[in-house]
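Okay, so here's the structure we're looking at.
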Amino acid sequence: MKKHLTPGKALYFSHGFGITYKERTGIIPPADVDVILVAPKGSGTSLRTMFLEGRGLNSSYAIFQDATGRAFDRVVALGIGVGSGYLFETTFKREVYSDLTGERGTLMGAIQGLLLAQYEVLRENGHTPSEAFNETVEELTQSLMPMPTAQQLLSAVRWTG
């Protein structure tokens with residue numbers, strides 16, 4: 001790919017890992033290209049769904065290297081192009097750390113681990129499997145993050161068409 005990174009081009013990332021750990025990844029961009037990042041704060045599926053609905057998903061942006069003086073314009077254009085509803089500034093390094101702790105730690109590890117631990121503690125203390133499951137799910141969907149009722153879902157479907 002490096003042979004195609006001629007002067008004035010841009011190298012675009014959607015995650016800061018490759019540049020933050022460039023010594024380990026071997027991604028060392030030439031000095032005469034812009035190096036930019038737009039990192040949507042959600043899954044690609046959510047980003048596409050919201051885009052099709054005329055909404056946007058917040059994204060962070062960063063400029064690691066502004067060789068052309070146009071890196072900011074490029075990052076804003078990319079942010080709009082991928083469907084960002086709002087862009088907020090960060091750095092490649094801060095994007096990596098927030099991603100590793102937020103997405104990898106909280107969303108993909110901690111929440112699942114907490115729910116599993118609650119289920120196991122309830123089972124160890126005499127709850128049936130269905131009782132422990134319902135208790136765990138109830139805590140999440142009714143108390144912490146209330147889910148819509150069936151009636152609310154039906155009303156929403158009728159209302160939106």
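Scheme for the structure tokens: letters A, B, ... for chains in order shown; per-chain residue numbers from 1; ligand numbers from 1 in order shown.
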
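Within chain A, DSSP run on the backbone puts these residues in strand (DSSP E): Ala10, Leu11, Tyr12, Phe13, Asp34, Val35, Ile36, Leu37, Val38, Ala39, Pro40, Leu57, Asn58, Ser59, Ser60, Tyr61, Ala62, Ile63, Phe64, Gln65, Ser84, Gly85, Tyr86, Leu87, Phe88 and Glu89 of chain A.
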
Pull N, CA, C and O atoms from the residues just selected and write them as a short mmCIF file (atom, residue, chain, number, x, y, z; two decimals), in the first residue's frame.
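Dumped to again_10.cif:
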data_model
loop_
_atom_site.label_atom_id
_atom_site.label_comp_id
_atom_site.auth_asym_id
_atom_site.auth_seq_id
_atom_site.Cartn_x
_atom_site.Cartn_y
_atom_site.Cartn_z
N ALA A 10 -4.18 11.05 1.55
CA ALA A 10 -4.56 10.89 2.97
C ALA A 10 -4.64 9.41 3.31
O ALA A 10 -5.10 8.59 2.51
N LEU A 11 -4.18 9.10 4.50
CA LEU A 11 -4.32 7.76 5.06
C LEU A 11 -5.36 7.86 6.16
O LEU A 11 -5.18 8.59 7.13
N TYR A 12 -6.47 7.14 5.97
CA TYR A 12 -7.64 7.26 6.86
C TYR A 12 -7.79 6.02 7.73
O TYR A 12 -7.69 4.91 7.24
N PHE A 13 -8.06 6.24 9.00
CA PHE A 13 -8.29 5.16 9.96
C PHE A 13 -9.64 5.35 10.63
O PHE A 13 -10.10 6.48 10.82
N ASP A 34 -1.48 13.17 4.70
CA ASP A 34 -2.31 13.41 5.88
C ASP A 34 -2.65 12.07 6.52
O ASP A 34 -2.90 11.08 5.81
N VAL A 35 -2.67 12.03 7.83
CA VAL A 35 -3.06 10.83 8.57
C VAL A 35 -4.20 11.23 9.49
O VAL A 35 -4.02 12.02 10.42
N ILE A 36 -5.39 10.70 9.19
CA ILE A 36 -6.61 11.15 9.86
C ILE A 36 -7.43 9.97 10.36
O ILE A 36 -7.25 8.84 9.92
N LEU A 37 -8.34 10.28 11.27
CA LEU A 37 -9.19 9.26 11.88
C LEU A 37 -10.60 9.80 12.05
O LEU A 37 -10.78 10.95 12.47
N VAL A 38 -11.59 8.99 11.70
CA VAL A 38 -12.99 9.20 12.08
C VAL A 38 -13.45 7.87 12.66
O VAL A 38 -13.44 6.85 11.98
N ALA A 39 -13.81 7.88 13.94
CA ALA A 39 -14.16 6.65 14.66
C ALA A 39 -15.59 6.72 15.18
O ALA A 39 -15.84 7.32 16.22
N PRO A 40 -16.54 6.13 14.43
CA PRO A 40 -17.93 6.12 14.91
C PRO A 40 -18.02 5.43 16.26
O PRO A 40 -17.34 4.45 16.53
N LEU A 57 -24.63 8.94 13.83
CA LEU A 57 -24.02 8.37 15.02
C LEU A 57 -22.79 9.23 15.34
O LEU A 57 -22.01 9.55 14.45
N ASN A 58 -22.64 9.62 16.58
CA ASN A 58 -21.49 10.44 16.96
C ASN A 58 -20.19 9.72 16.64
O ASN A 58 -20.09 8.50 16.78
N SER A 59 -19.19 10.50 16.25
CA SER A 59 -17.88 9.96 15.93
C SER A 59 -16.81 10.88 16.51
O SER A 59 -16.98 12.10 16.54
N SER A 60 -15.72 10.28 16.91
CA SER A 60 -14.57 11.09 17.27
C SER A 60 -13.71 11.24 16.02
O SER A 60 -13.78 10.44 15.10
N TYR A 61 -12.91 12.31 16.00
CA TYR A 61 -11.98 12.50 14.89
C TYR A 61 -10.63 12.92 15.45
O TYR A 61 -10.54 13.49 16.54
N ALA A 62 -9.60 12.61 14.69
CA ALA A 62 -8.25 12.99 15.09
C ALA A 62 -7.41 13.23 13.85
O ALA A 62 -7.64 12.63 12.80
N ILE A 63 -6.45 14.10 14.01
CA ILE A 63 -5.48 14.36 12.96
C ILE A 63 -4.11 14.05 13.54
O ILE A 63 -3.66 14.71 14.48
N PHE A 64 -3.50 13.02 13.02
CA PHE A 64 -2.17 12.62 13.49
C PHE A 64 -1.09 13.39 12.74
O PHE A 64 -0.05 13.74 13.29
N GLN A 65 -1.37 13.65 11.46
CA GLN A 65 -0.38 14.32 10.62
C GLN A 65 -1.12 15.15 9.56
O GLN A 65 -1.95 14.63 8.84
N SER A 84 -21.73 10.39 10.32
CA SER A 84 -21.61 10.90 11.69
C SER A 84 -22.63 12.01 11.92
O SER A 84 -22.78 12.91 11.10
N GLY A 85 -23.30 11.94 13.06
CA GLY A 85 -24.25 12.98 13.43
C GLY A 85 -23.57 14.15 14.11
O GLY A 85 -24.01 15.29 14.03
N TYR A 86 -22.45 13.87 14.75
CA TYR A 86 -21.69 14.89 15.48
C TYR A 86 -20.26 14.40 15.53
O TYR A 86 -20.00 13.22 15.73
N LEU A 87 -19.32 15.30 15.34
CA LEU A 87 -17.90 14.97 15.42
C LEU A 87 -17.27 15.67 16.62
O LEU A 87 -17.50 16.85 16.82
N PHE A 88 -16.51 14.93 17.40
CA PHE A 88 -15.79 15.55 18.51
C PHE A 88 -14.32 15.16 18.43
O PHE A 88 -13.98 14.06 18.04
N GLU A 89 -13.47 16.12 18.78
CA GLU A 89 -12.03 15.95 18.61
C GLU A 89 -11.43 15.05 19.69
O GLU A 89 -11.83 15.07 20.85
#

Helix (DSSP H, G or I) positions in chain A, given as an NGL selection string: :A and (2-4 or 17-20 or 22-25 or 44-52 or 71-82 or 92-124 or 129-144 or 150-160)

Long-range neighbours of Val121 in chain A as a PyMOL selection string, 10 Å cut-off, only C-alpha atoms, 6 positions minimum in chain: chain A and resi 115+127+132

For N, CA and C atoms, I'd like the residues from the last selection saved as a PDB file, in the first residue's frame.
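Generated output (again34.pdb):
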ATOM      1  N   LEU A 115     -23.455  -9.883  34.532  1.00  0.00           N
ATOM      2  CA  LEU A 115     -24.710 -10.638  34.416  1.00  0.00           C
ATOM      3  C   LEU A 115     -24.488 -12.126  34.701  1.00  0.00           C
ATOM      4  N   HIS A 127     -31.782 -20.550  43.584  1.00  0.00           N
ATOM      5  CA  HIS A 127     -32.723 -20.151  42.543  1.00  0.00           C
ATOM      6  C   HIS A 127     -32.701 -21.167  41.411  1.00  0.00           C
ATOM      7  N   ALA A 132     -33.325 -17.541  38.130  1.00  0.00           N
ATOM      8  CA  ALA A 132     -32.076 -16.781  38.115  1.00  0.00           C
ATOM      9  C   ALA A 132     -31.948 -15.978  36.818  1.00  0.00           C
TER      10      ALA A 132
END

Residue contacts of Gly16 in chain A (7 Å, only C-alpha atoms) excluding same-chain residues fewer than 4 positions away, as number ranges by chain: A: 20, 92-93, 95-96

Any chance you can output those residues with all heavy atoms as a PDB file, in the first residue's frame?
ATOM      1  N   THR A  20      -1.236   4.385  16.964  1.00  0.00           N
ATOM      2  CA  THR A  20      -0.785   4.493  18.356  1.00  0.00           C
ATOM      3  C   THR A  20       0.326   3.485  18.653  1.00  0.00           C
ATOM      4  O   THR A  20       1.284   3.799  19.349  1.00  0.00           O
ATOM      5  CB  THR A  20      -1.971   4.285  19.320  1.00  0.00           C
ATOM      6  OG1 THR A  20      -2.926   5.322  19.075  1.00  0.00           O
ATOM      7  CG2 THR A  20      -1.538   4.329  20.769  1.00  0.00           C
ATOM      8  N   PHE A  92      -5.395  10.001  18.361  1.00  0.00           N
ATOM      9  CA  PHE A  92      -5.355   8.567  18.066  1.00  0.00           C
ATOM     10  C   PHE A  92      -5.200   7.779  19.366  1.00  0.00           C
ATOM     11  O   PHE A  92      -5.864   6.776  19.579  1.00  0.00           O
ATOM     12  CB  PHE A  92      -4.196   8.256  17.110  1.00  0.00           C
ATOM     13  CG  PHE A  92      -4.531   8.445  15.658  1.00  0.00           C
ATOM     14  CD1 PHE A  92      -4.775   9.699  15.138  1.00  0.00           C
ATOM     15  CD2 PHE A  92      -4.591   7.358  14.808  1.00  0.00           C
ATOM     16  CE1 PHE A  92      -5.059   9.884  13.803  1.00  0.00           C
ATOM     17  CE2 PHE A  92      -4.884   7.518  13.457  1.00  0.00           C
ATOM     18  CZ  PHE A  92      -5.125   8.783  12.950  1.00  0.00           C
ATOM     19  N   LYS A  93      -4.318   8.245  20.234  1.00  0.00           N
ATOM     20  CA  LYS A  93      -4.049   7.532  21.491  1.00  0.00           C
ATOM     21  C   LYS A  93      -5.285   7.514  22.392  1.00  0.00           C
ATOM     22  O   LYS A  93      -5.639   6.474  22.951  1.00  0.00           O
ATOM     23  CB  LYS A  93      -2.872   8.193  22.199  1.00  0.00           C
ATOM     24  CG  LYS A  93      -2.342   7.419  23.369  1.00  0.00           C
ATOM     25  CD  LYS A  93      -1.085   8.111  23.918  1.00  0.00           C
ATOM     26  CE  LYS A  93      -0.412   7.268  24.964  1.00  0.00           C
ATOM     27  NZ  LYS A  93       0.838   7.892  25.424  1.00  0.00           N
ATOM     28  N   GLU A  95      -8.350   7.786  21.497  1.00  0.00           N
ATOM     29  CA  GLU A  95      -9.377   6.952  20.868  1.00  0.00           C
ATOM     30  C   GLU A  95      -9.127   5.484  21.197  1.00  0.00           C
ATOM     31  O   GLU A  95     -10.046   4.748  21.520  1.00  0.00           O
ATOM     32  CB  GLU A  95      -9.393   7.182  19.345  1.00  0.00           C
ATOM     33  CG  GLU A  95     -10.616   6.611  18.647  1.00  0.00           C
ATOM     34  CD  GLU A  95     -10.601   5.114  18.440  1.00  0.00           C
ATOM     35  OE1 GLU A  95      -9.521   4.527  18.220  1.00  0.00           O
ATOM     36  OE2 GLU A  95     -11.684   4.497  18.498  1.00  0.00           O
ATOM     37  N   VAL A  96      -7.874   5.064  21.127  1.00  0.00           N
ATOM     38  CA  VAL A  96      -7.540   3.672  21.446  1.00  0.00           C
ATOM     39  C   VAL A  96      -7.890   3.355  22.892  1.00  0.00           C
ATOM     40  O   VAL A  96      -8.541   2.350  23.179  1.00  0.00           O
ATOM     41  CB  VAL A  96      -6.036   3.384  21.211  1.00  0.00           C
ATOM     42  CG1 VAL A  96      -5.627   2.044  21.814  1.00  0.00           C
ATOM     43  CG2 VAL A  96      -5.732   3.393  19.737  1.00  0.00           C
TER      44      VAL A  96
END
